[in-house]
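Peer 1: For reference, the structure I am asking about is given below.
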Amino acid sequence: MYVITGATGHTGSVAARTLLSRGQKVRAIGRSADRLQPLTSAGAEPFVADVTDAKRLSEAFRGAQAVYAMIPPNIQSNDVRGYQEQVSDVISSAIANAKVPLVVLLSSIGADKPDKTGPVVGLHNFEQKLNRIDGTNVLHLRAGYFMENTLAQVNAIKAVGKSAGPLRPDLKVPMIATQDIGTAVAEFLLHPKFQGKQTHELLGQRDLNMTEAAAIIGKSIGKPGLEYVQLPDEQLRPALIQFGMSQNMVGLLLEMAHALNSGYMRALEPRSPKNTTSTSYEQFVNENFVPIFKQQSTAA
Ligand SMILES: NC(=O)c1ccc[n+]([C@@H]2O[C@H](COP(=O)([O-])OP(=O)(O)OC[C@H]3O[C@@H](n4cnc5c(N)ncnc54)[C@H](OP(=O)(O)O)[C@@H]3O)[C@@H](O)[C@H]2O)c1
């Protein structure tokens, strides 16, 4: 039986559904039976638990042949890093207690660095905690920049007619669709070719900079030549807070952006068929960005 944390989320739901479609038993963890219902209908065992609840998670992991572990984002917290440490402590202890033989962790590029990468420091520390568990094989999947992050551009385009953010316009980043991560997670769980503690980067279909991403968005929403502008922190701070992030989260996000801009946080593996996935940014924009953009246009 495979246990999936974050089972209603972007990556967890795809991993769970892929495993179910291969006839595997899946225990799906989330905070709400209602939100887990679609997975329950697809054959998963729903398991309502909060990832900060040590006792419940130890129960959830009991009997698991493998676990997909992740730290749920908590963008409204005033202590995001503290929350991350709490979750990674609880999940690591539960894995050790239940003697889970195999774990795939959702990590990130930059998790090789111990500091100055914002929320990615929490993933670095999670990797270290799992590395200390004897007898459990662990694969740290270090994913690139989620294509889903660019969905926030819907708001920027509506507000100022431009795409905008903290990243340098010319900075190439490996951009990945979360669907590709979920699919890869399921494959690694089903066919574990790793032993001990290993890392593996997942870099999406290709590297793109924000100028190129804006051009692709512009073409798809009927605004050819859509521009991307890099905004200073002082201008981004209030906008990000307005969109629901705590001041603490905004600080971490901007720290991560600086780490990417300076090259301190970057992919370490050369691109290869092993770390390249299939969904192009064009496909992501057509399937995900355009419907949200159109919906908001109708609502406005
Ligand atoms: N954004 C990036 O570019 C990037 C890059 C690399 C790595 N990452 C990492 O990716 C992770 C996010 O992955 P994702 O996009 O798949 O997440 P997501 O879609 O936001 O899903 C979060 C999941 O966690 C569940 N959840 C939230 N709080 C919970 C709690 N307290 N207890 C139990 N379950 C809880 C949610 O379900 P319910 O609400 O139903 O409980 C949901 O299923 C983060 O760790 C992030 O650091 C992000």
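Labeling convention for the structure tokens: chains A, B, ... as they appear, residues from 1 per chain, ligands from 1 in order of appearance.
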May I have a table of the residues of chain A lying at most 7 Å from ligand 1, giving each one's closest pair of atoms and their distance in Å to one decimal, counting only C-alpha atoms and all ligand atoms, ordered by chain and ascending residue number, as CSV?
Peer 2:
residue,atom,partner,partner_atom_place_in_ligand_line,distance
A:Thr5,CA,ligand 1,34 (N),6.6
A:Gly6,CA,ligand 1,43 (O),3.4
A:Ala7,CA,ligand 1,43 (O),4.6
A:Thr8,CA,ligand 1,43 (O),3.5
A:Gly9,CA,ligand 1,21 (O),3.3
A:His10,CA,ligand 1,19 (O),3.8
A:Thr11,CA,ligand 1,16 (O),3.8
A:Gly12,CA,ligand 1,16 (O),5.6
A:Ile29,CA,ligand 1,34 (N),6.5
A:Gly30,CA,ligand 1,41 (O),3.9
A:Arg31,CA,ligand 1,41 (O),3.6
A:Ser32,CA,ligand 1,40 (O),5.3
A:Arg35,CA,ligand 1,40 (O),5.3
A:Leu36,CA,ligand 1,40 (O),6.7
A:Ala49,CA,ligand 1,33 (C),5.7
A:Asp50,CA,ligand 1,32 (N),3.4
A:Val51,CA,ligand 1,32 (N),3.9
A:Thr52,CA,ligand 1,31 (N),6.1
A:Met70,CA,ligand 1,45 (O),5.3
A:Ile71,CA,ligand 1,45 (O),4.1
A:Pro72,CA,ligand 1,24 (O),4.3
A:Pro73,CA,ligand 1,44 (C),5.2
A:Asn74,CA,ligand 1,28 (N),6.9
A:Leu106,CA,ligand 1,10 (O),6.1
A:Ser107,CA,ligand 1,7 (C),5.2
A:Ser108,CA,ligand 1,6 (C),4.0
A:Ile109,CA,ligand 1,6 (C),6.7
A:Pro119,CA,ligand 1,47 (O),6.3
A:Val120,CA,ligand 1,47 (O),6.3
A:Leu123,CA,ligand 1,47 (O),6.8
A:Arg142,CA,ligand 1,6 (C),6.7
A:Ala143,CA,ligand 1,6 (C),4.7
A:Gly144,CA,ligand 1,5 (C),5.4
A:Tyr145,CA,ligand 1,3 (O),3.8
A:Phe146,CA,ligand 1,3 (O),3.8
A:Asn149,CA,ligand 1,1 (N),5.8
A:Thr178,CA,ligand 1,15 (O),6.6
Peer 1: Can you spit out the residues from that selection as a compact mmCIF listing (two decimals), in the first residue's frame, using N, CA, C and O atoms?
Peer 2:
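Saved the output as result34.txt:
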# COMPACT_ATOMS: atom_id res chain seq x y z
N THR A 5 0.90 11.82 0.89
CA THR A 5 0.55 13.06 1.60
C THR A 5 0.20 14.12 0.54
O THR A 5 0.58 13.98 -0.62
N GLY A 6 -0.56 15.12 0.97
CA GLY A 6 -0.97 16.17 0.02
C GLY A 6 -1.77 15.59 -1.13
O GLY A 6 -1.64 16.03 -2.27
N ALA A 7 -2.61 14.59 -0.83
CA ALA A 7 -3.24 13.80 -1.90
C ALA A 7 -4.27 14.58 -2.71
O ALA A 7 -4.61 14.17 -3.82
N THR A 8 -4.76 15.70 -2.16
CA THR A 8 -5.72 16.49 -2.96
C THR A 8 -5.00 17.60 -3.73
O THR A 8 -5.65 18.37 -4.44
N GLY A 9 -3.69 17.69 -3.57
CA GLY A 9 -2.95 18.80 -4.17
C GLY A 9 -2.47 18.49 -5.58
O GLY A 9 -2.78 17.44 -6.16
N HIS A 10 -1.69 19.45 -6.13
CA HIS A 10 -1.23 19.35 -7.52
C HIS A 10 -0.48 18.05 -7.79
O HIS A 10 -0.81 17.31 -8.71
N THR A 11 0.55 17.79 -7.00
CA THR A 11 1.41 16.64 -7.29
C THR A 11 0.84 15.35 -6.71
O THR A 11 0.83 14.31 -7.36
N GLY A 12 0.32 15.44 -5.46
CA GLY A 12 -0.18 14.25 -4.77
C GLY A 12 -1.37 13.63 -5.49
O GLY A 12 -1.46 12.40 -5.58
N ILE A 29 -3.91 10.98 2.06
CA ILE A 29 -3.98 11.84 3.25
C ILE A 29 -4.35 13.27 2.87
O ILE A 29 -3.80 13.85 1.93
N GLY A 30 -5.29 13.81 3.62
CA GLY A 30 -5.68 15.21 3.47
C GLY A 30 -6.46 15.60 4.72
O GLY A 30 -6.73 14.76 5.57
N ARG A 31 -6.82 16.89 4.80
CA ARG A 31 -7.49 17.33 6.03
C ARG A 31 -9.00 17.22 5.98
O ARG A 31 -9.68 17.46 6.98
N SER A 32 -9.54 16.87 4.78
CA SER A 32 -10.99 16.88 4.66
C SER A 32 -11.49 15.68 3.86
O SER A 32 -11.03 15.45 2.73
N ARG A 35 -12.90 16.79 0.50
CA ARG A 35 -11.94 17.06 -0.58
C ARG A 35 -11.28 15.77 -1.06
O ARG A 35 -10.83 15.68 -2.20
N LEU A 36 -11.24 14.76 -0.18
CA LEU A 36 -10.64 13.47 -0.59
C LEU A 36 -11.63 12.61 -1.39
O LEU A 36 -11.25 11.60 -1.98
N ALA A 49 -6.07 13.47 8.13
CA ALA A 49 -5.02 13.74 9.13
C ALA A 49 -4.35 15.06 8.79
O ALA A 49 -4.23 15.43 7.62
N ASP A 50 -3.91 15.73 9.84
CA ASP A 50 -3.12 16.94 9.65
C ASP A 50 -1.65 16.53 9.73
O ASP A 50 -1.28 15.73 10.60
N VAL A 51 -0.82 17.08 8.86
CA VAL A 51 0.60 16.67 8.86
C VAL A 51 1.37 17.21 10.06
O VAL A 51 2.56 16.95 10.19
N THR A 52 0.71 17.95 10.93
CA THR A 52 1.37 18.35 12.18
C THR A 52 0.97 17.42 13.33
O THR A 52 1.42 17.61 14.46
N MET A 70 5.60 15.33 1.35
CA MET A 70 5.77 16.73 0.93
C MET A 70 5.36 17.65 2.07
O MET A 70 4.65 17.22 2.99
N ILE A 71 5.84 18.89 2.01
CA ILE A 71 5.43 19.90 3.00
C ILE A 71 4.36 20.76 2.34
O ILE A 71 4.66 21.46 1.35
N PRO A 72 3.12 20.73 2.85
CA PRO A 72 2.10 21.59 2.24
C PRO A 72 2.48 23.06 2.40
O PRO A 72 2.97 23.46 3.46
N PRO A 73 2.28 23.85 1.36
CA PRO A 73 2.54 25.29 1.50
C PRO A 73 1.63 25.89 2.57
O PRO A 73 0.51 25.43 2.75
N ASN A 74 2.12 26.88 3.29
CA ASN A 74 1.31 27.56 4.31
C ASN A 74 1.61 29.05 4.20
O ASN A 74 2.28 29.63 5.05
N LEU A 106 9.14 15.31 -2.11
CA LEU A 106 9.12 16.44 -3.04
C LEU A 106 10.03 17.53 -2.49
O LEU A 106 9.73 18.16 -1.48
N SER A 107 11.18 17.71 -3.17
CA SER A 107 12.13 18.73 -2.78
C SER A 107 12.25 19.73 -3.93
O SER A 107 11.34 19.82 -4.77
N SER A 108 13.30 20.46 -3.97
CA SER A 108 13.42 21.54 -4.97
C SER A 108 14.87 21.73 -5.37
O SER A 108 15.78 21.44 -4.58
N ILE A 109 15.06 22.26 -6.57
CA ILE A 109 16.41 22.74 -6.89
C ILE A 109 16.76 23.77 -5.81
O ILE A 109 15.87 24.45 -5.30
N PRO A 119 11.94 29.55 1.31
CA PRO A 119 11.25 28.33 1.75
C PRO A 119 12.02 27.05 1.42
O PRO A 119 11.75 26.00 2.02
N VAL A 120 12.96 27.13 0.50
CA VAL A 120 13.70 25.93 0.09
C VAL A 120 14.64 25.45 1.21
O VAL A 120 15.02 24.28 1.26
N LEU A 123 13.13 22.59 2.79
CA LEU A 123 13.26 21.32 2.05
C LEU A 123 14.67 20.75 2.23
O LEU A 123 14.84 19.53 2.35
N ARG A 142 14.23 16.74 -6.61
CA ARG A 142 14.44 18.19 -6.60
C ARG A 142 13.83 18.79 -7.87
O ARG A 142 14.45 18.78 -8.94
N ALA A 143 12.62 19.31 -7.70
CA ALA A 143 11.88 19.83 -8.85
C ALA A 143 12.31 21.26 -9.18
O ALA A 143 12.73 22.01 -8.30
N GLY A 144 12.14 21.61 -10.44
CA GLY A 144 12.38 22.99 -10.89
C GLY A 144 11.23 23.90 -10.50
O GLY A 144 10.40 23.55 -9.65
N TYR A 145 11.22 25.06 -11.11
CA TYR A 145 10.23 26.13 -10.82
C TYR A 145 8.88 25.70 -11.40
O TYR A 145 8.78 25.40 -12.59
N PHE A 146 7.86 25.67 -10.54
CA PHE A 146 6.55 25.18 -11.01
C PHE A 146 5.95 26.14 -12.05
O PHE A 146 5.88 27.36 -11.81
N ASN A 149 3.37 28.51 -10.76
CA ASN A 149 3.70 29.81 -10.14
C ASN A 149 3.30 30.96 -11.05
O ASN A 149 2.99 32.05 -10.58
N THR A 178 3.31 20.65 -12.61
CA THR A 178 3.20 19.76 -11.43
C THR A 178 2.66 18.38 -11.82
O THR A 178 2.98 17.39 -11.17
Peer 1: Within 6 Å of range 20-26 of chain A, counting only C-alpha atoms, which residues show up once you throw out same-chain ones fewer than 6 positions away? Write them as a ChimeraX atom specification, please.
Peer 2: /A:1-3,44
Peer 1: Work out how far CA of Pro166 in chain A is from CA of Asp233 in chain A, in Å to one decimal.
Peer 2: 7.1 Å
Peer 1: Taking the DSSP assignment computed from this structure's backbone, write out as a VMD selection string all residues of range 16-237 of chain A that belong to strand (DSSP E).
Peer 2: chain A and resid 26 to 30 45 to 48 66 to 69 102 to 108 137 to 143 145 to 146 163 to 165 173 to 176 197 to 202 206 to 208 228 to 230
Peer 1: Taking the backbone alone, and naming residues the way the document does, which bits of range 28-277 of chain A are helix (DSSP H, G or I) by DSSP, as number ranges by chain?
Peer 2: A: 33-41, 54-61, 80-97, 120-131, 147-160, 178-190, 210-220, 233-242, 247-262
Peer 1: Write out as an MDAnalysis selection string which residues come within 9 Å of Val90 in chain A when counting only C-alpha atoms, dropping same-chain ones fewer than 5 positions away.
Peer 2: chainID A and resid 51:55 57:58 85 95
Peer 1: Would you put the residues from that selection into a file with C-alpha atoms, as a PDB file, in the first residue's frame?
Peer 2:
ATOM      1  CA  VAL A  51       0.595  16.670   8.858  1.00  0.00           C
ATOM      2  CA  THR A  52       1.371  18.351  12.182  1.00  0.00           C
ATOM      3  CA  ASP A  53      -0.342  15.487  14.085  1.00  0.00           C
ATOM      4  CA  ALA A  54       2.439  13.005  14.971  1.00  0.00           C
ATOM      5  CA  LYS A  55       0.128  10.301  16.311  1.00  0.00           C
ATOM      6  CA  LEU A  57       0.666  10.269  10.819  1.00  0.00           C
ATOM      7  CA  SER A  58       2.303   7.300  12.532  1.00  0.00           C
ATOM      8  CA  GLU A  85      10.342  22.367  10.568  1.00  0.00           C
ATOM      9  CA  ILE A  95       8.403   7.330   8.799  1.00  0.00           C
TER      10      ILE A  95
END
Peer 1: Hey, which of A:Ala98, A:Val48, A:Leu226, A:Leu151 ends up closest to Ile292 in chain A? Count only C-alpha atoms.
Peer 2: A:Leu151
Peer 1: Neighbouring residues of Phe289 in chain A were defined as those with any atom within 8 Å, considering only C-alpha atoms; residues of the same chain fewer than 3 positions away were excluded. Please report them as a list in words.
Peer 2: Leu151, Val154, Ile217, Phe284, Val285, Asn286, Ile292 and Phe293 of chain A
Peer 1: Within 12 Å of range 263-265 of chain A, counting only C-alpha atoms, which residues qualify if same-chain residues fewer than 6 places away don't, as JSON, numbers by chain?
Peer 2: {"A": [108, 109, 110, 111, 112, 113, 114, 115, 116, 117, 118, 119, 120, 121, 124, 142, 144, 145, 167, 168, 171, 172, 173, 174, 255, 256, 257]}
Peer 1: Write out the residues from the selection above, keeping C-alpha atoms, as a CSV table (one decimal), in the first residue's frame.
Peer 2:
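The result, stored in selection_10.csv:
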chain,number,residue,atom,x,y,z
A,108,SER,CA,13.4,21.5,-5.0
A,109,ILE,CA,16.4,22.7,-6.9
A,110,GLY,CA,18.4,24.8,-4.4
A,111,ALA,CA,17.8,22.2,-1.6
A,112,ASP,CA,21.6,21.5,-1.7
A,113,LYS,CA,22.1,24.9,0.0
A,114,PRO,CA,21.6,25.2,3.8
A,115,ASP,CA,20.5,28.9,3.8
A,116,LYS,CA,19.5,32.0,1.9
A,117,THR,CA,17.0,30.2,-0.4
A,118,GLY,CA,13.7,31.2,1.4
A,119,PRO,CA,11.3,28.3,1.8
A,120,VAL,CA,13.7,25.9,0.1
A,121,VAL,CA,15.8,25.9,3.3
A,124,HIS,CA,17.0,21.2,2.6
A,142,ARG,CA,14.4,18.2,-6.6
A,144,GLY,CA,12.4,23.0,-10.9
A,145,TYR,CA,10.2,26.1,-10.8
A,167,LEU,CA,12.9,37.3,-11.4
A,168,ARG,CA,15.4,38.8,-13.9
A,171,LEU,CA,17.1,34.3,-16.2
A,172,LYS,CA,16.6,30.9,-17.7
A,173,VAL,CA,14.9,28.6,-15.1
A,174,PRO,CA,13.9,24.9,-15.5
A,255,GLU,CA,14.9,35.8,-0.7
A,256,MET,CA,14.4,32.8,-3.0
A,257,ALA,CA,14.0,35.1,-6.0
Peer 1: Could you tell me how far CA of Gln128 in chain A lies from CA of Pro270 in chain A, in Å and to one decimal?
Peer 2: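 Between these atoms lies a distance of 23.4 Å.
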Peer 1: Could you list, as a list in words, every residue within 10 Å of Gln198 in chain A, counting only C-alpha atoms and ignoring same-chain residues fewer than 2 positions away?
Peer 2: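 Here the answer would be Val104, Glu127, Asn131, Asn137, Val138, Leu139, His140, Leu141, Phe194, Gln195, Gly196 and His200 of chain A.
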Peer 1: Pick out the closest residue to Ile75 in chain A from this set: A:Thr277, A:Ser272, A:Gln296, A:Gln247. Count only C-alpha atoms.
Peer 2: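 Among the listed residues, the smallest separation from Ile75 in chain A belongs to A:Gln247.
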Peer 1: Could you tell me how far CA of Ala214 in chain A lies from CA of His258 in chain A, in Å and to one decimal?
Peer 2: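 Result for CA of Ala214 in chain A versus CA of His258 in chain A: 20.1 Å, one decimal.
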Peer 1: Out of A:Gly225, A:Asn125, A:Ala60, A:Val103, which residue has the shortest atom-to-atom distance to Asp89 in chain A when counting only C-alpha atoms?
Peer 2: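 Among the listed residues, A:Asn125 lies closest to Asp89 in chain A.
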Peer 1: I'd like the neighbourhood of Glu227 in chain A as a list in words, where a residue qualifies if any of its atoms comes within 8 Å (using only C-alpha atoms), though same-chain residues fewer than 6 positions away should be ignored.
Peer 2: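 My list of contacting residues is Lys162, Ser163, Thr211, Ala214 and Ala215 of chain A.
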Peer 1: Write a file of the just-selected residues containing N, CA and C atoms, as a PDB file, in the first residue's frame.
Peer 2:
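Output file result35.pdb is given in full below:
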ATOM      1  N   LYS A 162       0.695  43.942 -18.021  1.00  0.00           N
ATOM      2  CA  LYS A 162       2.024  43.355 -18.227  1.00  0.00           C
ATOM      3  C   LYS A 162       2.189  42.165 -17.313  1.00  0.00           C
ATOM      4  N   SER A 163       3.141  41.312 -17.650  1.00  0.00           N
ATOM      5  CA  SER A 163       3.527  40.235 -16.758  1.00  0.00           C
ATOM      6  C   SER A 163       4.656  40.818 -15.880  1.00  0.00           C
ATOM      7  N   THR A 211      10.702  36.517 -19.914  1.00  0.00           N
ATOM      8  CA  THR A 211      10.360  37.232 -21.152  1.00  0.00           C
ATOM      9  C   THR A 211       9.753  36.236 -22.148  1.00  0.00           C
ATOM     10  N   ALA A 214       6.298  35.190 -20.937  1.00  0.00           N
ATOM     11  CA  ALA A 214       5.283  36.223 -21.202  1.00  0.00           C
ATOM     12  C   ALA A 214       4.871  36.194 -22.671  1.00  0.00           C
ATOM     13  N   ALA A 215       5.834  35.988 -23.546  1.00  0.00           N
ATOM     14  CA  ALA A 215       5.517  35.945 -24.982  1.00  0.00           C
ATOM     15  C   ALA A 215       4.566  34.783 -25.286  1.00  0.00           C
TER      16      ALA A 215
END
